[in-house]
Amino acid sequence: MKLPSYPLPDARGRYGPFGGRYVPETLIPALEELTEAYLHYKNDPSFLAEYAHYLRTYVGRPSPLYFAENLTRHLGGAKIYLKREDLNHTGAHKINNTLGQALLCKRMGKKRVIAETGAGQHGVSVATVAALMGLECVVYQGAEDMRRQALNVFRMKLLGAEVRPVESGTRTLKDATNEAIRDWVTNVRDSFYIIGSVVGPHPYPMMARDFQSIVGEEIKAQLREAEGRENPDAVIACVGGGSNAIGVFAPFAYQEERPRLIGVEAAGHGAASGLHSLSIGAGRKGVLHGAMMYLLYDDDGQIRPAHSVSAGLDYPGVGPEHSYYAEAGLAEYVGITDEEALEGFRLLCRLEGIIPALESAHAIAYAAKLAPEMEPEQVIVINLSGRGDKDVVEVMRIMEGGAA
Amino acid sequence: MTTREAFARAKAEGRAALIPYVMAGYPSRGADLELVKQVLPYADLLEVGLPYSDPLGDGPVIQRASEVALRQGIRVADVAAFVREIRALTEKPLFLMTYLNPVLAVGPERFFQMFKEAGASGLILPDLPPDEDPELVALAQGMGLETTFLLAPTSTEARIRTVAPYCTGFVYTVSVTGVTGVRDRLPEGLPELVGRIRRFTGAPVAIGFGVSNRATARQAAQAADGAVVASALIRAHEEGRGLVEVLKEVQAGLVGAPGPVH
């Protein structure tokens with residue numbers, strides 16, 4: 001296998017004005033060292049062979065591209081395919097990235113990995129690869145999130161990770177990320193920080209994108225077989241930080257002939273309510289966690305808490321490359337409310353017998369709006385980024401509470 | 001008084017400069033100025049913190065203080081008013097410590113204008129390596145604000161060469177790989193680090209992060225021209241101890257080093 005090469009970022013880690021390295025100076029040499037190591041190993045045949053081996057035999061790649069015939073018939077428009085990242089080991093796309101970074105960590109001789117997690121999906125994924133590679137693992141999670149996601153906390157502990165509660169700020173993902181960065185500043189010489197999305201200082205957005213690009217590359221090969229062409233007409237993915245979306249956007253975004261690339265942000269209770277995660281839809285350029293990106297903040301630059309029914313989209317910023325795609329018009333970004341996402345969730349359960357993650361349900365919900373407006377010979381690919389087992393308790397609470 | 005003069009005066013008196021930290025809105029509106037009045041007699045320069053929601057370079061003490069200040073509804077304009085009040089009390093150099101996003105949110109030109117007019121001497125930007133945005137740094141300097149950036153024990157010679165020339169105020173040398181906070185001892189090797197920095201700049205060098213008692217102050221003074229005391233002051237306030245007690249102890253450590261006692 002090969003890892004992709006894209007025209008961006010530039011040598012300074014910029015996607016137009018976005019990206020960069022807005023971190024305490026202590027970390028700059030570590031980011032330089034990491035960039036150098038990554039650029040070396042991404043072309044190293046033995047590193048790539050090891051990554052490919054684990055992707056195939058441990059993660060279960062390639063994931064299927066499934067023609068959702070019932071959903072297609074129900075919506076009465078474009079043909080809908082689902083890229084089944086939910087069938088990966090640990091139940092989501094996250095492991096494509098954590099596996100790659102853990103292998104890099106090992107090659108760099110570091111013995112300890114640090115991660116932040118919101119609902120716990122990224123934390124579980126990091127704890128998993130840390131167990132596999134024999135690495136010490138510390139995961140930071142907001143105290144509030146730990147309470148809501150007790151099952152994932154226990155999973156991480158089963159996998160040998162230490163989960164540290166974060167009591168500062170809003171006690172959620174952004175604060176857990178601050179705390180992970182603080183740990184990294186303190187233990188920078190012997191620890192490797194595995195960020196969960198295409199956010200953070202350069203080279204993280206680039207690395208996570210490259211490791212996730214296998215999803216888009218597989219889609220091309222699978223669609224060639226199924227439809228006789230590599231390009232669908234539209235690719236739809238949910239966007240929080242944006243790692244699953246970048247994996248299916250980047251392989252198409254820099255082509256001359258581009259499908260419509262549609263990122264679905266969480267509109268929560270609606271844009272007007274202020275309770276949403278519309279970093280692109282309602283945010284401005286700003287700096288958080290080391291990168292310039294679209295971000296939710298008040299008139300004084302204080303970061304505003306994000307909201308979504310789906311914990312994985314509940315982040316006040318969006319990766320620098322998505323910020324660039326939005327500004328350059330390479331991709332479109334739309335919003336889906338909590339209520340619409342729950343409708344998408346139910347739709348996929350009933351029609352296809354697939355319980356999607358609430359994150360991915362946002363993409364389903366948008367496809368349900370778009371497909372009827374398209375022609376029957378057109379093709380939509382939805383990145384089904386994760387499975388919904390983790391969400392059923394929450395969905396039960398909402399449905400039985402009547403809120404949906 | 002210029003920054004250089006403030007450091008030079010301390011040196012002439014046989015001490016390293018003492019740079020206490022206060023945060024706007026901590027412990028409350030109004031009471032912040034009371035803390036300023038306690039620390040000013042001991043200060044050669046003063047660092048004024050702008051409370052921020054996501055201070056990722058700071059340890060738990062300053063994070064807590066930020067939360068306290070933000071809960072009082074402290075706005076950027078309030079911080080500028082606080083600087084103006086301090087300026088009315090002293091001619092000593094005042095450095096505003098702020099994360100970058102508030103600067104971007106207000107708009108760099110308007111932000112710098114606000115604080116220049118309020119009487120700030122310079123800026124400390126802990127999450128902006130200066131080469132990430134040289135235009136922003138030049139804008140601040142062009143508006144008459146000095147700029148101070150961080151260097152750290154991990155800084156390579158190439159990083160020192162890059163960052164040092166942007167430090168027109170002083171160089172803020174982080175004593176440890178870590179975040180701000182109270183420590184009993186600073187790492188060995190500070191003199192070596194400061195020596196490496198001095199090869200690339202004639203600006204004064206101050207040590208920050210961990211200076212909290214006589215021993216750590218002495219270590220800082222043996223290596224550099226000054227020391228920032230931040231978390232130790234806020235913790236003293238939290239514990240109901242007088243700030244003066246901490247300042248006297250730190251000051252004792254700063255006197256008479258590195259040269260012979262005068």
# chains A, B, ... in the order shown; residues from 1 in each chain; ligands from 1
>>> select_by_dssp(residues="segment 64-217 of chain B", states="helix (DSSP H, G or I)", output="PyMOL selection string")
chain B and resi 64-71+76-89+100-106+108-118+130-132+134-142+157-166+190-198+214-217
>>> interface_residues(of="chain B", to="chain A", cutoff="7 Å", atoms="only C-alpha atoms", output="PyMOL selection string")
chain B and resi 52-54+56-57+75-76+101-102+104-106+126-129+132+150-152+154-156+177-179
>>> residues_around(residues="Arg84 of chain B", least_positions_apart="3", cutoff="12 Å", atoms="only C-alpha atoms", output="PyMOL selection string")
chain B and resi 24+33+48+77-81+87-91+94+96+114-121
>>> residues_around(residues="segment 90-107 of chain A", least_positions_apart="6", cutoff="6 Å", atoms="only C-alpha atoms", output="JSON, numbers by chain")
{"A": [125, 126, 129, 208, 211, 212, 385, 386, 387]}
>>> residues_around(residues="Tyr254 of chain A", least_positions_apart="4", cutoff="12 Å", atoms="only C-alpha atoms", output="list of chain:residue names")
A:Pro4, A:Ser5, A:Tyr6, A:Pro7, A:Leu8, A:Ile246, A:Val248, A:Phe249, A:Ala250, A:Arg258, A:Pro259, A:Leu261, A:Glu321, A:Tyr325, A:Ala328, A:Gly329, A:Leu330, A:Ala331
>>> write_last_selection(atoms="all heavy atoms", output="short mmCIF file (atom, residue, chain, number, x, y, z; two decimals), in the first residue's frame")
data_model
loop_
_atom_site.label_atom_id
_atom_site.label_comp_id
_atom_site.auth_asym_id
_atom_site.auth_seq_id
_atom_site.Cartn_x
_atom_site.Cartn_y
_atom_site.Cartn_z
N PRO A 4 -1.24 8.55 0.75
CA PRO A 4 -1.43 9.52 -0.34
C PRO A 4 -0.52 10.74 -0.22
O PRO A 4 0.01 11.03 0.85
CB PRO A 4 -2.89 9.93 -0.16
CG PRO A 4 -3.16 9.74 1.30
CD PRO A 4 -2.34 8.55 1.72
N SER A 5 -0.36 11.43 -1.33
CA SER A 5 0.31 12.74 -1.32
C SER A 5 -0.66 13.76 -1.90
O SER A 5 -1.16 13.58 -3.01
CB SER A 5 1.58 12.70 -2.17
OG SER A 5 2.56 11.94 -1.51
N TYR A 6 -0.93 14.80 -1.16
CA TYR A 6 -1.85 15.85 -1.60
C TYR A 6 -1.09 17.17 -1.72
O TYR A 6 -0.04 17.33 -1.10
CB TYR A 6 -2.98 16.02 -0.57
CG TYR A 6 -3.87 14.81 -0.41
CD1 TYR A 6 -3.85 14.07 0.78
CD2 TYR A 6 -4.73 14.42 -1.43
CE1 TYR A 6 -4.68 12.97 0.95
CE2 TYR A 6 -5.56 13.31 -1.27
CZ TYR A 6 -5.53 12.59 -0.08
OH TYR A 6 -6.35 11.50 0.08
N PRO A 7 -1.64 18.12 -2.48
CA PRO A 7 -0.95 19.41 -2.63
C PRO A 7 -0.89 20.24 -1.34
O PRO A 7 -0.06 21.13 -1.22
CB PRO A 7 -1.76 20.15 -3.70
CG PRO A 7 -3.01 19.37 -3.91
CD PRO A 7 -2.81 18.00 -3.38
N LEU A 8 -1.78 19.99 -0.41
CA LEU A 8 -1.77 20.73 0.86
C LEU A 8 -1.66 19.75 2.02
O LEU A 8 -2.05 18.60 1.87
CB LEU A 8 -3.06 21.56 1.01
CG LEU A 8 -3.23 22.72 0.04
CD1 LEU A 8 -4.59 23.38 0.23
CD2 LEU A 8 -2.12 23.75 0.22
N ILE A 246 -12.90 13.84 6.16
CA ILE A 246 -11.70 14.14 5.36
C ILE A 246 -11.23 12.86 4.66
O ILE A 246 -10.70 12.92 3.55
CB ILE A 246 -10.58 14.75 6.25
CG1 ILE A 246 -9.73 15.72 5.41
CG2 ILE A 246 -9.67 13.72 6.85
CD1 ILE A 246 -10.37 17.02 5.12
N VAL A 248 -12.99 10.62 3.27
CA VAL A 248 -13.73 10.39 2.02
C VAL A 248 -13.76 11.62 1.12
O VAL A 248 -14.16 11.53 -0.03
CB VAL A 248 -15.18 9.89 2.29
CG1 VAL A 248 -15.14 8.51 2.91
CG2 VAL A 248 -15.96 10.85 3.16
N PHE A 249 -13.31 12.78 1.63
CA PHE A 249 -13.28 13.99 0.80
C PHE A 249 -11.92 14.15 0.10
O PHE A 249 -11.86 14.42 -1.10
CB PHE A 249 -13.53 15.25 1.64
CG PHE A 249 -14.96 15.46 2.10
CD1 PHE A 249 -15.94 14.50 1.84
CD2 PHE A 249 -15.32 16.62 2.77
CE1 PHE A 249 -17.25 14.70 2.28
CE2 PHE A 249 -16.63 16.83 3.20
CZ PHE A 249 -17.59 15.87 2.97
N ALA A 250 -10.85 14.03 0.90
CA ALA A 250 -9.52 14.38 0.36
C ALA A 250 -9.17 13.61 -0.92
O ALA A 250 -8.63 14.20 -1.85
CB ALA A 250 -8.45 14.19 1.44
N ARG A 258 -14.69 16.56 -9.68
CA ARG A 258 -14.97 16.32 -8.28
C ARG A 258 -16.44 16.01 -8.08
O ARG A 258 -17.29 16.70 -8.62
CB ARG A 258 -14.69 17.62 -7.52
CG ARG A 258 -13.76 17.53 -6.37
CD ARG A 258 -13.57 18.84 -5.62
NE ARG A 258 -14.30 19.99 -6.07
CZ ARG A 258 -13.79 20.96 -6.80
NH1 ARG A 258 -12.54 20.92 -7.20
NH2 ARG A 258 -14.52 22.00 -7.14
N PRO A 259 -16.75 14.96 -7.32
CA PRO A 259 -18.15 14.82 -6.93
C PRO A 259 -18.52 15.96 -5.97
O PRO A 259 -17.63 16.63 -5.46
CB PRO A 259 -18.19 13.48 -6.20
CG PRO A 259 -16.79 13.17 -5.81
CD PRO A 259 -15.88 13.92 -6.74
N LEU A 261 -19.01 17.21 -2.57
CA LEU A 261 -18.56 16.74 -1.26
C LEU A 261 -19.37 17.51 -0.22
O LEU A 261 -19.31 18.74 -0.18
CB LEU A 261 -17.06 17.01 -1.10
CG LEU A 261 -16.17 16.40 -2.18
CD1 LEU A 261 -14.72 16.84 -2.01
CD2 LEU A 261 -16.27 14.87 -2.18
N GLU A 321 -8.34 21.67 7.31
CA GLU A 321 -8.52 21.37 5.88
C GLU A 321 -9.99 21.54 5.48
O GLU A 321 -10.29 22.03 4.39
CB GLU A 321 -8.02 19.95 5.56
CG GLU A 321 -7.95 19.70 4.06
CD GLU A 321 -7.02 18.56 3.67
OE1 GLU A 321 -6.32 18.01 4.55
OE2 GLU A 321 -6.99 18.20 2.48
N TYR A 325 -11.52 23.88 2.67
CA TYR A 325 -12.46 23.42 1.64
C TYR A 325 -13.69 24.34 1.60
O TYR A 325 -14.21 24.66 0.53
CB TYR A 325 -12.96 21.99 1.93
CG TYR A 325 -11.96 20.89 1.70
CD1 TYR A 325 -12.30 19.56 2.01
CD2 TYR A 325 -10.69 21.12 1.18
CE1 TYR A 325 -11.42 18.52 1.82
CE2 TYR A 325 -9.80 20.08 0.99
CZ TYR A 325 -10.16 18.77 1.32
OH TYR A 325 -9.28 17.74 1.13
N ALA A 328 -12.65 27.70 0.08
CA ALA A 328 -12.28 27.59 -1.34
C ALA A 328 -13.42 27.01 -2.19
O ALA A 328 -13.29 26.90 -3.40
CB ALA A 328 -11.02 26.72 -1.47
N GLY A 329 -14.50 26.59 -1.55
CA GLY A 329 -15.62 26.05 -2.30
C GLY A 329 -15.38 24.63 -2.82
O GLY A 329 -16.06 24.17 -3.74
N LEU A 330 -14.45 23.91 -2.23
CA LEU A 330 -14.19 22.53 -2.66
C LEU A 330 -15.22 21.56 -2.08
O LEU A 330 -15.42 20.48 -2.61
CB LEU A 330 -12.78 22.09 -2.25
CG LEU A 330 -11.62 22.86 -2.88
CD1 LEU A 330 -10.29 22.36 -2.35
CD2 LEU A 330 -11.67 22.74 -4.40
N ALA A 331 -15.82 21.94 -0.98
CA ALA A 331 -16.87 21.11 -0.36
C ALA A 331 -17.95 22.03 0.17
O ALA A 331 -17.72 23.23 0.37
CB ALA A 331 -16.28 20.26 0.76
#
>>> residues_around(residues="segment 233-235 of chain A", least_positions_apart="6", cutoff="12 Å", atoms="only C-alpha atoms", output="VMD selection string")
chain A and resid 78 to 83 215 to 216 219 to 220 223 227 244 to 253 257 to 264 331 to 333 363 to 364 366 to 367 370 to 371 374 to 384
>>> residues_around(residues="Pro191 of chain B", least_positions_apart="2", cutoff="8 Å", atoms="only C-alpha atoms", output="PDB file with N, CA, C and O atoms, in the first residue's frame")
ATOM      1  N   GLU B 188      17.983  21.569  36.976  1.00  0.00           N
ATOM      2  CA  GLU B 188      19.357  22.012  36.720  1.00  0.00           C
ATOM      3  C   GLU B 188      19.407  22.398  35.250  1.00  0.00           C
ATOM      4  O   GLU B 188      18.515  22.080  34.481  1.00  0.00           O
ATOM      5  N   GLY B 189      20.471  23.079  34.872  1.00  0.00           N
ATOM      6  CA  GLY B 189      20.610  23.337  33.431  1.00  0.00           C
ATOM      7  C   GLY B 189      19.994  24.641  32.979  1.00  0.00           C
ATOM      8  O   GLY B 189      20.049  24.986  31.802  1.00  0.00           O
ATOM      9  N   LEU B 193      20.748  26.838  29.523  1.00  0.00           N
ATOM     10  CA  LEU B 193      19.680  27.244  28.601  1.00  0.00           C
ATOM     11  C   LEU B 193      19.728  28.754  28.346  1.00  0.00           C
ATOM     12  O   LEU B 193      19.674  29.212  27.201  1.00  0.00           O
ATOM     13  N   VAL B 194      19.854  29.528  29.434  1.00  0.00           N
ATOM     14  CA  VAL B 194      19.886  30.985  29.275  1.00  0.00           C
ATOM     15  C   VAL B 194      21.137  31.402  28.503  1.00  0.00           C
ATOM     16  O   VAL B 194      21.092  32.308  27.660  1.00  0.00           O
ATOM     17  N   GLY B 195      22.236  30.695  28.728  1.00  0.00           N
ATOM     18  CA  GLY B 195      23.462  30.966  27.970  1.00  0.00           C
ATOM     19  C   GLY B 195      23.246  30.783  26.480  1.00  0.00           C
ATOM     20  O   GLY B 195      23.680  31.608  25.661  1.00  0.00           O
ATOM     21  N   GLN B 222      20.283  33.032  39.531  1.00  0.00           N
ATOM     22  CA  GLN B 222      21.629  32.596  39.146  1.00  0.00           C
ATOM     23  C   GLN B 222      21.733  32.412  37.639  1.00  0.00           C
ATOM     24  O   GLN B 222      22.821  32.425  37.078  1.00  0.00           O
ATOM     25  N   ALA B 223      20.592  32.224  36.988  1.00  0.00           N
ATOM     26  CA  ALA B 223      20.630  31.969  35.551  1.00  0.00           C
ATOM     27  C   ALA B 223      20.287  33.201  34.718  1.00  0.00           C
ATOM     28  O   ALA B 223      20.821  33.372  33.631  1.00  0.00           O
ATOM     29  N   ALA B 224      19.389  34.043  35.229  1.00  0.00           N
ATOM     30  CA  ALA B 224      18.788  35.044  34.333  1.00  0.00           C
ATOM     31  C   ALA B 224      18.655  36.410  34.993  1.00  0.00           C
ATOM     32  O   ALA B 224      19.143  36.633  36.106  1.00  0.00           O
TER      33      ALA B 224
END
>>> atom_distance(atom1="atom CA of Arg209 of chain A", atom2="atom CA of Ser191 of chain A")
21.6 Å
>>> atom_distance(atom1="atom CA of Ile207 of chain B", atom2="atom CA of Leu186 of chain B")
10.1 Å
>>> select_by_dssp(residues="segment 23-208 of chain B", states="strand (DSSP E or B)", output="ChimeraX atom specification")
/B:23,46-49,94-97,122-124,146-148,150-151,171-174,182,205-208
>>> atom_distance(atom1="atom CA of Gly202 of chain B", atom2="atom CA of Ala43 of chain B")
22.1 Å
>>> closest_residue(among="A:Pro203, A:Gly268, A:Gly120, A:Lys2", to="Arg14 of chain A", atoms="only C-alpha atoms")
A:Pro203
>>> closest_residue(among="A:Glu265, A:Asp210, A:Asp391, A:Glu327", to="Ala365 of chain A", atoms="only C-alpha atoms")
A:Glu265
